[in-house]
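Below is one structure, written out as structure tokens; comments come after it.
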Amino acid sequence: MKNKILGNKLFKSGKVLIAVAGVSVIMTNAVIPVISTASANTNNVTDKAAAKKAAAKKAAAKKAAAKKAAAKKAAAKKAAAKKAAAKKAAAKKAAAKKAATDKAAADKAAADKAAADKAAADKAAADKAAADKAAADKAAASSNSESATVDSSSSSETTNPTVYTPFAGKAVHTIYTGTNTYLYTTKELTTIATTPLQGDTSVIAYPDGITTALTGKNAGDLAIPVTYKGQNLYFKGTLGDLTSNGLYPDGYYYALTDTTFYGVVKPTDPSVKLDAPFLNGSTWFYYFDGGVTIYSYKNNVWTGNTFLNAQ
């Protein structure tokens with residue numbers, strides 16, 4: 001029987017001569033495996049290529065996963081930043097809206113107070129006028145009952161009335177804290193000046209020269225002498241002092257309530273002296289030449305929003 005090689009298959013031979021350690025051994029009907037060297041080498045190369053391909057595929061998958069994770073993280077970070085910016089903008093808008101609402105409420109409260117003060121002042125003035133008229137009537141009646149003689153020398157005498165010099169007295173620097181209004185060229189408040197008075201503006205006032213308009217449609221109103229933009233004019237007032245008419249002298253401040261304050265000094269100014277500490281939620285309106293800053297108080301910190309006059 002002839003020997004046959006069929007890859008790694010077994011083959012049978014009737015007799016096989018095998019040399020072992022220099023001794024010839026004849027094996028009959030033996031089954032002997034035969035290994036093909038060429039086939040084994042081919043299998044090793046194939047296995048190595050497959051392993052290399054698997055490793056490359058795994059590395060590519062890992063790189064893609066890392067890239068995807070980085071993109072997801074960047075997107076999350078961008079979304080968080082956008083959300084934070086929107087939240088900050090919303091908070092700022094809410095603070096400005098609250099400040100404007102507080103200012104409107106405070107202005108209304110101040111207007112209500114001014115109206116009440118004016119009503120009280122008008123009543124007091126009316127009562128005084130009635131009393132003065134009664135006294136004058138009584139004096140006239142008494143005078144008519146007496147005879148009077150006039151000395152001829154008295155005809156040559158003249159009486160010098162007191163000269164009204166409204167801008168010669170004490171000048172007080174103020175900030176006008178009201179809304180835009182008219183000024184007048186005369187103390188009778190009959191002619192409107194070409195230059196209106198703007199709110200939150202520097203004005204020089206002369207409290208010693210305050211008088212009352214006696215004629216015209218504004219009769220009974222106060223005429224407060226002021227110098228504004230280099231012109232001597234008159235401001236129409238309702239009460240007898242500067243602050244009640246929105247003219248705040250330097251250093252002036254006051255508390256409308258326990259949590260609402262007005263002034264031409266900042267709340268942190270050393271000149272500010274209160275009977276009690278500020279409460280959380282307090283609001284301070286600081287007026288200056290050109291605008292107003294609304295301060296809000298929380299946990300010992302003042303934060304402000306400034307509103308400038310329109311130019």
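Just remember, in the structure tokens the first chain shown is A, the second B, etc., residues are 1-based per chain, and ligands are 1-based in the order shown.
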Checklist entry - Please, which residues of stretch 130-299 of chain A, numbered as in this document, come out alpha helix (DSSP H) from DSSP, as a PyMOL selection string? => result chain A and resi 130-144
Item to check | Those in stretch 205-240 of chain A with strand (DSSP E) from DSSP, as an NGL selection string | outcome: :A and (205 or 211-212 or 222-228 or 231-237)
Give me a file of those residues, with N, CA and C atoms, as a PDB file, in the first residue's frame.
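Okay, this is what ended up in part-v9.pdb:
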```pdb
ATOM      1  N   ALA A 205     -32.414 128.088  44.419  1.00  0.00           N
ATOM      2  CA  ALA A 205     -33.671 128.642  44.931  1.00  0.00           C
ATOM      3  C   ALA A 205     -33.389 129.732  45.952  1.00  0.00           C
ATOM      4  N   THR A 211     -43.058 134.381  47.449  1.00  0.00           N
ATOM      5  CA  THR A 211     -44.223 135.250  47.572  1.00  0.00           C
ATOM      6  C   THR A 211     -45.451 134.539  47.014  1.00  0.00           C
ATOM      7  N   THR A 212     -46.595 135.217  47.054  1.00  0.00           N
ATOM      8  CA  THR A 212     -47.841 134.629  46.557  1.00  0.00           C
ATOM      9  C   THR A 212     -48.357 135.432  45.376  1.00  0.00           C
ATOM     10  N   LEU A 222     -47.865 129.817  45.217  1.00  0.00           N
ATOM     11  CA  LEU A 222     -46.590 130.413  45.609  1.00  0.00           C
ATOM     12  C   LEU A 222     -45.710 130.652  44.390  1.00  0.00           C
ATOM     13  N   ALA A 223     -45.010 131.765  44.406  1.00  0.00           N
ATOM     14  CA  ALA A 223     -44.012 132.069  43.384  1.00  0.00           C
ATOM     15  C   ALA A 223     -42.643 131.964  44.052  1.00  0.00           C
ATOM     16  N   ILE A 224     -41.907 130.914  43.701  1.00  0.00           N
ATOM     17  CA  ILE A 224     -40.598 130.674  44.317  1.00  0.00           C
ATOM     18  C   ILE A 224     -39.518 131.131  43.346  1.00  0.00           C
ATOM     19  N   PRO A 225     -38.732 132.152  43.715  1.00  0.00           N
ATOM     20  CA  PRO A 225     -37.666 132.619  42.821  1.00  0.00           C
ATOM     21  C   PRO A 225     -36.577 131.544  42.657  1.00  0.00           C
ATOM     22  N   VAL A 226     -36.192 131.282  41.428  1.00  0.00           N
ATOM     23  CA  VAL A 226     -35.131 130.298  41.157  1.00  0.00           C
ATOM     24  C   VAL A 226     -34.244 130.817  40.040  1.00  0.00           C
ATOM     25  N   THR A 227     -33.019 130.330  40.030  1.00  0.00           N
ATOM     26  CA  THR A 227     -32.120 130.564  38.901  1.00  0.00           C
ATOM     27  C   THR A 227     -31.883 129.223  38.230  1.00  0.00           C
ATOM     28  N   TYR A 228     -32.255 129.154  36.945  1.00  0.00           N
ATOM     29  CA  TYR A 228     -32.149 127.890  36.222  1.00  0.00           C
ATOM     30  C   TYR A 228     -31.527 128.156  34.862  1.00  0.00           C
ATOM     31  N   GLN A 231     -30.917 131.819  34.139  1.00  0.00           N
ATOM     32  CA  GLN A 231     -32.046 132.743  34.065  1.00  0.00           C
ATOM     33  C   GLN A 231     -32.752 132.844  35.423  1.00  0.00           C
ATOM     34  N   ASN A 232     -33.124 134.070  35.805  1.00  0.00           N
ATOM     35  CA  ASN A 232     -33.904 134.287  37.020  1.00  0.00           C
ATOM     36  C   ASN A 232     -35.386 134.154  36.676  1.00  0.00           C
ATOM     37  N   LEU A 233     -36.005 133.105  37.217  1.00  0.00           N
ATOM     38  CA  LEU A 233     -37.391 132.807  36.884  1.00  0.00           C
ATOM     39  C   LEU A 233     -38.166 132.472  38.162  1.00  0.00           C
ATOM     40  N   TYR A 234     -39.420 132.045  37.997  1.00  0.00           N
ATOM     41  CA  TYR A 234     -40.255 131.713  39.154  1.00  0.00           C
ATOM     42  C   TYR A 234     -40.850 130.317  38.981  1.00  0.00           C
ATOM     43  N   PHE A 235     -40.785 129.578  40.078  1.00  0.00           N
ATOM     44  CA  PHE A 235     -41.333 128.226  40.123  1.00  0.00           C
ATOM     45  C   PHE A 235     -42.679 128.277  40.846  1.00  0.00           C
ATOM     46  N   LYS A 236     -43.692 127.678  40.257  1.00  0.00           N
ATOM     47  CA  LYS A 236     -45.007 127.674  40.906  1.00  0.00           C
ATOM     48  C   LYS A 236     -45.057 126.584  41.957  1.00  0.00           C
ATOM     49  N   GLY A 237     -45.245 126.993  43.206  1.00  0.00           N
ATOM     50  CA  GLY A 237     -45.281 126.049  44.313  1.00  0.00           C
ATOM     51  C   GLY A 237     -46.647 125.964  44.953  1.00  0.00           C
TER      52      GLY A 237
END
```
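Using only C-alpha atoms, the residues found no farther than 10 Å from stretch 95-97 of chain A, other than those of its own chain fewer than 6 positions away, are Ala89, Lys103, Ile294, Ser296, Gly304, Asn305, Thr306 and Phe307 of chain A.
Nearest to A:Phe261 of all the residues A:Ala65, A:Asp241, A:Asp107, A:Val301 is A:Asp107, based on only C-alpha atoms.
Proximity ranking of A:Ala51, A:Ala94, A:Leu189, A:Val292 relative to A:Tyr176 places A:Val292 first, based on only C-alpha atoms.
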Next on the checklist: Would you pick out the contacts of A:Tyr286 at 10 Å or less, using only C-alpha atoms, so that residues sharing its chain but fewer than 2 positions from it are not included, and give the list as a ChimeraX atom specification?
Outcome noted: /A:177,200,253,261-267,283-284,288,291-295,304,306
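Going from atom CA of A:Tyr287 over to atom CA of A:Ile175, you cover 7.1 Å.
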Next on the checklist: If we count only C-alpha atoms and set the cut-off at 12 Å, which residues sit around A:Gly169, ignoring sequence neighbours fewer than 2 positions away in its own chain? Please answer as a PyMOL selection string.
Outcome noted: chain A and resi 164-167+171-172+204-210+225-226
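Residue nearest A:Gly246, chosen from A:Thr179, A:Asn300, A:Thr101, A:Asn309 and counting only C-alpha atoms: A:Thr179.
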